[in-house]
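J.: Have a look at this one before I ask anything.
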Amino acid sequence: MAATLFTNIRQLVNIREEDQLLRGKALAYLPVLKNAYLMVEDGIIAAYGLMDEMPESLTVVEEIVDASGQMILPCWCDSHTHLVFAASREEEFVDKIKGLSYAEIAARGGGILNSAKKLNDTSESELIRLAWNRIQELIRMGTGAVEIKSGYGLSVEGELKMLRVIKKLKETSPIPVKATFLGAHSYPPAYKDNHSGYIDLIKNEMLPVIAEEELADYIDVFCETGFFSKEETIDICKAGMAHGLIPKIHANQLHLSGGVQAGVELGALSVDHLETMDEEAIRLLAASNTIGTLLPTAAFFLRMPFQPARQLIDAGTAIALASDFNPGSSPSGNMNLVIAMSCIQMKMLPEEAINAATVNGAFAMGLQDSLGSITVGKKANLILTKPIPSLAYLPYAFGSSNIDRVMIAGEWA
């Protein structure tokens with residue numbers, strides 16, 4: 001594999017020697033090296049430092065990139081997506097504009113059940129093709145790792161099909177992919193009045209096959225009023241944990257659902273959404289090792305209040321940012337927009353948002369050893385910006401594409 005030397009980098013962003021989950025004031029500290037060089041060999045970050053101290057021997061490489069006026073950052077780590085889906089749902093988007101409620105749309109066969117029907121009618125090969133194209137688009141926008149959830153199958157066959165698609169993407173994608181089993185996303189119509197029956201299906205028919213075929217890294221539950229209760233969430237997650245899956249939870253999106261409490265009790269890697277929080281939930285989460293993953297583009301698309309990022313950060317919670325890319329409530333995987341929205345609407349500092357989308361995003365996928373920072377030995381998944389005046393310009397100029405090129409494992413994407 002070719003070696004690449006970047007020279008005259010205006011700012012080399014998020015340089016770190018050790019991996020640490022960031023919380024509180026540490027989230028606002030973003031180490032930067034000005035007028036720097038960066039050496040990439042065999043897809044790995046091999047060396048970096050000040051231009052004045054660059055060894056002459058490094059210049060004997062296949063490719064030298066003069067990055068004058070430009071910045072280099074680690075790629076975004078998007079730890080919450082649903083990017084395997086069969087079709088978009090813009091007709092529901094129009095229905096919402098016309099004033100229809102979520103319940104009315106669902107009664108028409110919309111919502112999660114709409115995606116489930118379309119997915120079950122779509123072949124594995126077609127789902128792979130669609131998802132592959134989405135991943136390529138995300139890479140061009142700077143995403144260097146992605147988590148993908150099931151949850152649009154809602155049947156034994158459908159959920160396993162989704163997870164097999166994600167496994168194929170894992171094997172072929174140029175960026176790391178993590179798989180999450182979200183069979184407990186909603187109740188299929190046949191089990192609308194038989195919740196225990198569907199939970200038994202998850203535990204007895206889905207999980208054993210998932211474990212046998214090694215189809216998932218994580219287990220997730222939509223812990224929400226009208227969906228899965230706190231007690232049901234804990235029950236399902238414990239069944240997944242018995243098969244080696246680590247819990248992540250959709251928590252507190254619409255109501256104080258007990259999802260945060262369930263996540264902390266289970267030692268979940270992350271609790272995601274958190275639009276609806278009270279002092280108790282914030283205090284519990286801040287005192288735990290569970291990451292709070294915020295999904296501002298979902299709140300934006302659904303016209304909901306944004307997550308209380310400032311209160312969470314000031315309380316000492318470890319915060320990550322992710323896109324929630326899905327056809328119903330966040331039809332965008334653009335992490336640049338996520339970062340901008342976090343600053344504009346949630347009052348996060350640019351440094352906090354970048355750290356939450358890189359270092360802490362990597363932690364939220366268990367990829368902190370290989371991604372999330374400019375560290376010798378980590379994968380060279382890098383964003384080369386266009387010439388920009390400052391780091392704050394990235395979220396400030398939210399409507400512009402400020403990415404010049406993206407490198408994945410030492411190769412230009």
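Ordering of the structure tokens sets the chain letters (A, B, ...); residue numbers start at 1 within each chain; ligands are numbered from 1 in the order shown.
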Would you write out, as a Markdown table, a table of all residues in segment 329-384 of chain A that have an atom no more than 9 Å from an atom of segment 135-150 of chain A, listing for each the closest atom pair and the distance in Å to one decimal, considering only C-alpha atoms and ordering rows by chain and rising residue number?

T.:
```
| residue | atom | partner | partner_atom | distance |
| --- | --- | --- | --- | --- |
| A:Gly333 | CA | A:Leu138 | CA | 6.3 |
| A:Asn334 | CA | A:Met141 | CA | 6.4 |
| A:Met335 | CA | A:Thr143 | CA | 7.1 |
| A:Asn336 | CA | A:Met141 | CA | 7.4 |
| A:Ala362 | CA | A:Ala145 | CA | 8.0 |
| A:Met365 | CA | A:Glu147 | CA | 7.0 |
| A:Leu367 | CA | A:Ala145 | CA | 8.6 |
| A:Leu371 | CA | A:Ala145 | CA | 8.2 |
| A:Gly372 | CA | A:Gly144 | CA | 8.9 |
| A:Asn381 | CA | A:Gly144 | CA | 5.8 |
| A:Leu382 | CA | A:Gly142 | CA | 7.7 |
| A:Ile383 | CA | A:Gly142 | CA | 5.9 |
| A:Leu384 | CA | A:Gly142 | CA | 9.0 |
```

J.: Would you list, as a count of residues only, the residues of segment 210-285 of chain A that end up in alpha helix (DSSP H) under DSSP run on this structure's backbone?

T.: 31

J.: Using only C-alpha atoms, what table do you get, as a tab-separated table, when you list each residue of segment 264-285 of chain A with an atom no more than 12 Å from segment 75-79 of chain A, its nearest pair of atoms, and their distance in Å rounded to one decimal, rows by chain then rising number?

T.:
```
residue	atom	partner	partner_atom	distance
A:Leu269	CA	A:Ser79	CA	10.9
A:Ser270	CA	A:Ser79	CA	9.5
A:Val271	CA	A:Ser79	CA	11.1
A:Asp272	CA	A:Ser79	CA	9.5
A:His273	CA	A:Ser79	CA	11.8
```

J.: Quick one: residues within 12 Å of Arg164 of chain A, only C-alpha atoms counted, chain neighbours fewer than 3 positions away excluded, as a list in words?

T.: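 Counting only the stated atoms, we get Val84, Ser123, Glu124, Ser125, Leu127, Ile128, Ile148, Lys149, Ser150, Gly153, Glu157, Gly158, Glu159, Leu160, Lys161, Lys167, Lys168, Leu169, Lys170, Glu171, Ala179, Thr180, Phe181, Val209, Ile210, Glu213, Glu214, Leu215 and Ala216 of chain A.
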
J.: Find, counting only C-alpha atoms, the residue in A:Met162, A:Thr297, A:Ile105, A:Leu182 that gets nearest to Ser332 of chain A.

T.: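 Closest candidate: A:Thr297.
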
J.: Pick the closest to Pro208 of chain A from A:Ile246, A:Val165, A:Val156, A:Ile291: which is it, counting only C-alpha atoms?

T.: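 Closest to Pro208 of chain A of all the choices is A:Val156.
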
J.: For a test of reading the model, state the distance in Å between atom CA of Met304 of chain A and atom CA of Arg23 of chain A, rounded to one decimal.

T.: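 Computed distance, atom CA of Met304 of chain A to atom CA of Arg23 of chain A, equals 25.2 Å.
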
J.: Mind pulling up the distance from atom CA of Thr4 of chain A to atom CA of Val40 of chain A?

T.: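 Here the two named atoms are 5.1 Å from each other.
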
J.: At a cut-off of 6 Å, using only C-alpha atoms, what residues contact segment 13-22 of chain A? Leave out same-chain residues fewer than 4 positions from it and give the result as number ranges by chain.

T.: A: 26-27, 30-32, 73, 318, 360, 373-375

J.: Compare A:Glu53, A:Ile354, A:Leu295, A:Met346 by their minimum atom-to-atom distance to Pro308 of chain A, counting only C-alpha atoms, and give me the closest one.

T.: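 Nearest candidate to Pro308 of chain A out of A:Glu53, A:Ile354, A:Leu295, A:Met346: A:Met346.
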
J.: Using only C-alpha atoms, which of A:Gly69, A:Pro176, A:Gly111, A:Pro55 sits nearest Glu92 of chain A?

T.: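 Of all the options, A:Gly111 lies closest to Glu92 of chain A.
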
J.: When you draw a straight line from atom CA of Gly244 of chain A to atom CA of Leu163 of chain A, how long is it in Å?

T.: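 Interatomic distance here is 15.8 Å.
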
J.: Which residue out of A:Val221, A:Leu245, A:Ile64, A:Leu201 has the minimum interatomic distance to Ser257 of chain A when only C-alpha atoms are used?

T.: A:Val221

J.: Determine the nearest neighbour of Asp121 of chain A from the options A:Ile388, A:Val264, A:His250, A:Tyr152, counting only C-alpha atoms.

T.: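 So, comparing all the options, the nearest one is A:Tyr152.
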
J.: I'd like to know which residues of segment 60-246 of chain A are strand (DSSP E) (by DSSP, run on the backbone); could you write them as a ChimeraX atom specification?

T.: /A:63-66,71-74,76-78,143-149,177-184,218-223,246

J.: Can those selected residues be exported to a file as an mmCIF file, in the first residue's frame so that it contains N, CA and C atoms?

T.:
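The resulting file, again16.cif, is shown below:
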```cif
data_model
loop_
_atom_site.group_PDB
_atom_site.id
_atom_site.type_symbol
_atom_site.label_atom_id
_atom_site.label_comp_id
_atom_site.auth_asym_id
_atom_site.auth_seq_id
_atom_site.Cartn_x
_atom_site.Cartn_y
_atom_site.Cartn_z
ATOM 1 N N GLU A 63 3.509 9.603 -2.386
ATOM 2 C CA GLU A 63 2.588 10.733 -2.519
ATOM 3 C C GLU A 63 2.847 11.761 -1.422
ATOM 4 N N ILE A 64 3.051 12.995 -1.828
ATOM 5 C CA ILE A 64 3.161 14.106 -0.885
ATOM 6 C C ILE A 64 2.020 15.075 -1.172
ATOM 7 N N VAL A 65 1.228 15.387 -0.146
ATOM 8 C CA VAL A 65 0.091 16.297 -0.287
ATOM 9 C C VAL A 65 0.404 17.575 0.481
ATOM 10 N N ASP A 66 0.471 18.673 -0.240
ATOM 11 C CA ASP A 66 0.665 19.978 0.391
ATOM 12 C C ASP A 66 -0.693 20.468 0.882
ATOM 13 N N MET A 71 -7.111 21.808 6.925
ATOM 14 C CA MET A 71 -7.067 21.103 8.207
ATOM 15 C C MET A 71 -7.308 19.622 7.983
ATOM 16 N N ILE A 72 -6.773 18.815 8.876
ATOM 17 C CA ILE A 72 -7.028 17.374 8.853
ATOM 18 C C ILE A 72 -7.636 16.967 10.191
ATOM 19 N N LEU A 73 -8.758 16.246 10.103
ATOM 20 C CA LEU A 73 -9.449 15.731 11.278
ATOM 21 C C LEU A 73 -9.640 14.224 11.118
ATOM 22 N N PRO A 74 -9.815 13.508 12.234
ATOM 23 C CA PRO A 74 -10.250 12.107 12.113
ATOM 24 C C PRO A 74 -11.667 12.077 11.567
ATOM 25 N N TRP A 76 -15.621 11.187 11.043
ATOM 26 C CA TRP A 76 -16.731 11.076 11.985
ATOM 27 C C TRP A 76 -17.039 9.600 12.260
ATOM 28 N N CYS A 77 -17.402 9.322 13.494
ATOM 29 C CA CYS A 77 -17.808 7.974 13.903
ATOM 30 C C CYS A 77 -19.293 8.021 14.245
ATOM 31 N N ASP A 78 -20.130 7.523 13.351
ATOM 32 C CA ASP A 78 -21.583 7.623 13.485
ATOM 33 C C ASP A 78 -22.110 6.366 14.163
ATOM 34 N N THR A 143 -17.763 10.365 7.015
ATOM 35 C CA THR A 143 -17.996 9.311 8.008
ATOM 36 C C THR A 143 -17.015 8.168 7.778
ATOM 37 N N GLY A 144 -16.325 7.771 8.845
ATOM 38 C CA GLY A 144 -15.304 6.743 8.745
ATOM 39 C C GLY A 144 -15.605 5.478 9.511
ATOM 40 N N ALA A 145 -16.782 5.420 10.150
ATOM 41 C CA ALA A 145 -17.259 4.211 10.835
ATOM 42 C C ALA A 145 -18.740 4.398 11.090
ATOM 43 N N VAL A 146 -19.489 3.285 11.047
ATOM 44 C CA VAL A 146 -20.940 3.414 11.180
ATOM 45 C C VAL A 146 -21.512 2.202 11.903
ATOM 46 N N GLU A 147 -22.493 2.460 12.745
ATOM 47 C CA GLU A 147 -23.281 1.395 13.375
ATOM 48 C C GLU A 147 -24.598 1.309 12.634
ATOM 49 N N ILE A 148 -25.086 0.086 12.380
ATOM 50 C CA ILE A 148 -26.342 -0.106 11.659
ATOM 51 C C ILE A 148 -27.249 -1.033 12.469
ATOM 52 N N LYS A 149 -28.504 -0.626 12.631
ATOM 53 C CA LYS A 149 -29.459 -1.407 13.399
ATOM 54 C C LYS A 149 -30.418 -2.170 12.483
ATOM 55 N N VAL A 177 -18.020 -1.376 10.243
ATOM 56 C CA VAL A 177 -19.467 -1.415 10.455
ATOM 57 C C VAL A 177 -19.743 -2.230 11.711
ATOM 58 N N LYS A 178 -20.570 -1.704 12.591
ATOM 59 C CA LYS A 178 -21.039 -2.448 13.762
ATOM 60 C C LYS A 178 -22.518 -2.759 13.588
ATOM 61 N N ALA A 179 -22.934 -3.950 14.038
ATOM 62 C CA ALA A 179 -24.312 -4.416 13.839
ATOM 63 C C ALA A 179 -25.065 -4.465 15.159
ATOM 64 N N THR A 180 -26.282 -3.940 15.138
ATOM 65 C CA THR A 180 -27.126 -3.933 16.330
ATOM 66 C C THR A 180 -28.466 -4.601 16.029
ATOM 67 N N PHE A 181 -28.851 -5.540 16.870
ATOM 68 C CA PHE A 181 -30.134 -6.218 16.750
ATOM 69 C C PHE A 181 -31.207 -5.397 17.466
ATOM 70 N N LEU A 182 -32.160 -4.864 16.692
ATOM 71 C CA LEU A 182 -33.240 -4.041 17.234
ATOM 72 C C LEU A 182 -34.582 -4.678 16.888
ATOM 73 N N GLY A 183 -34.706 -5.967 17.157
ATOM 74 C CA GLY A 183 -35.992 -6.634 16.922
ATOM 75 C C GLY A 183 -37.099 -5.992 17.732
ATOM 76 N N ALA A 184 -36.743 -5.440 18.893
ATOM 77 C CA ALA A 184 -37.715 -4.762 19.759
ATOM 78 C C ALA A 184 -37.803 -3.284 19.388
ATOM 79 N N TYR A 218 -24.430 -5.773 19.165
ATOM 80 C CA TYR A 218 -25.212 -5.117 20.217
ATOM 81 C C TYR A 218 -26.674 -5.534 20.140
ATOM 82 N N ILE A 219 -27.380 -5.318 21.250
ATOM 83 C CA ILE A 219 -28.832 -5.472 21.267
ATOM 84 C C ILE A 219 -29.436 -4.151 21.722
ATOM 85 N N ASP A 220 -30.527 -3.753 21.062
ATOM 86 C CA ASP A 220 -31.164 -2.466 21.320
ATOM 87 C C ASP A 220 -32.661 -2.693 21.494
ATOM 88 N N VAL A 221 -33.296 -1.806 22.260
ATOM 89 C CA VAL A 221 -34.742 -1.852 22.477
ATOM 90 C C VAL A 221 -35.273 -0.426 22.433
ATOM 91 N N PHE A 222 -36.433 -0.225 21.794
ATOM 92 C CA PHE A 222 -37.081 1.078 21.796
ATOM 93 C C PHE A 222 -37.901 1.171 23.077
ATOM 94 N N CYS A 223 -37.272 1.694 24.119
ATOM 95 C CA CYS A 223 -37.916 1.824 25.430
ATOM 96 C C CYS A 223 -38.743 3.115 25.415
ATOM 97 N N ILE A 246 -24.002 -6.746 23.647
ATOM 98 C CA ILE A 246 -23.879 -5.608 24.565
ATOM 99 C C ILE A 246 -25.084 -4.695 24.356
#
```

J.: Residues near Gly410 of chain A, anyone? I mean within 7 Å using only C-alpha atoms, not counting same-chain ones fewer than 2 positions away, as a list in words.

T.: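 The filter keeps Val40, Asp42, Gly43, Ile44, Ala380, Asn381, Met407, Ile408 and Trp412 of chain A.
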
J.: Could you dump the residues just selected with N, CA and C atoms as an mmCIF file, in the first residue's frame?

T.:
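Written output follows (result_30.cif):
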```cif
data_model
loop_
_atom_site.group_PDB
_atom_site.id
_atom_site.type_symbol
_atom_site.label_atom_id
_atom_site.label_comp_id
_atom_site.auth_asym_id
_atom_site.auth_seq_id
_atom_site.Cartn_x
_atom_site.Cartn_y
_atom_site.Cartn_z
ATOM 1 N N VAL A 40 1.227 8.716 6.657
ATOM 2 C CA VAL A 40 0.355 7.547 6.615
ATOM 3 C C VAL A 40 1.078 6.428 5.875
ATOM 4 N N ASP A 42 0.709 2.099 5.039
ATOM 5 C CA ASP A 42 -0.072 0.864 5.127
ATOM 6 C C ASP A 42 -1.436 1.085 5.771
ATOM 7 N N GLY A 43 -2.057 2.232 5.466
ATOM 8 C CA GLY A 43 -3.391 2.524 5.962
ATOM 9 C C GLY A 43 -3.455 2.978 7.403
ATOM 10 N N ILE A 44 -2.289 3.193 8.016
ATOM 11 C CA ILE A 44 -2.207 3.524 9.447
ATOM 12 C C ILE A 44 -1.487 4.863 9.621
ATOM 13 N N ALA A 380 -5.920 5.303 9.280
ATOM 14 C CA ALA A 380 -5.869 6.613 8.617
ATOM 15 C C ALA A 380 -7.198 6.871 7.924
ATOM 16 N N ASN A 381 -8.245 7.051 8.733
ATOM 17 C CA ASN A 381 -9.561 7.490 8.255
ATOM 18 C C ASN A 381 -9.641 8.976 8.540
ATOM 19 N N MET A 407 -9.982 10.308 3.243
ATOM 20 C CA MET A 407 -9.092 9.144 3.149
ATOM 21 C C MET A 407 -9.598 8.047 4.073
ATOM 22 N N ILE A 408 -9.712 6.845 3.544
ATOM 23 C CA ILE A 408 -10.155 5.689 4.333
ATOM 24 C C ILE A 408 -9.064 4.624 4.279
ATOM 25 N N TRP A 412 -7.598 7.200 -0.880
ATOM 26 C CA TRP A 412 -8.574 8.247 -1.134
ATOM 27 C C TRP A 412 -9.918 7.634 -1.490
#
```
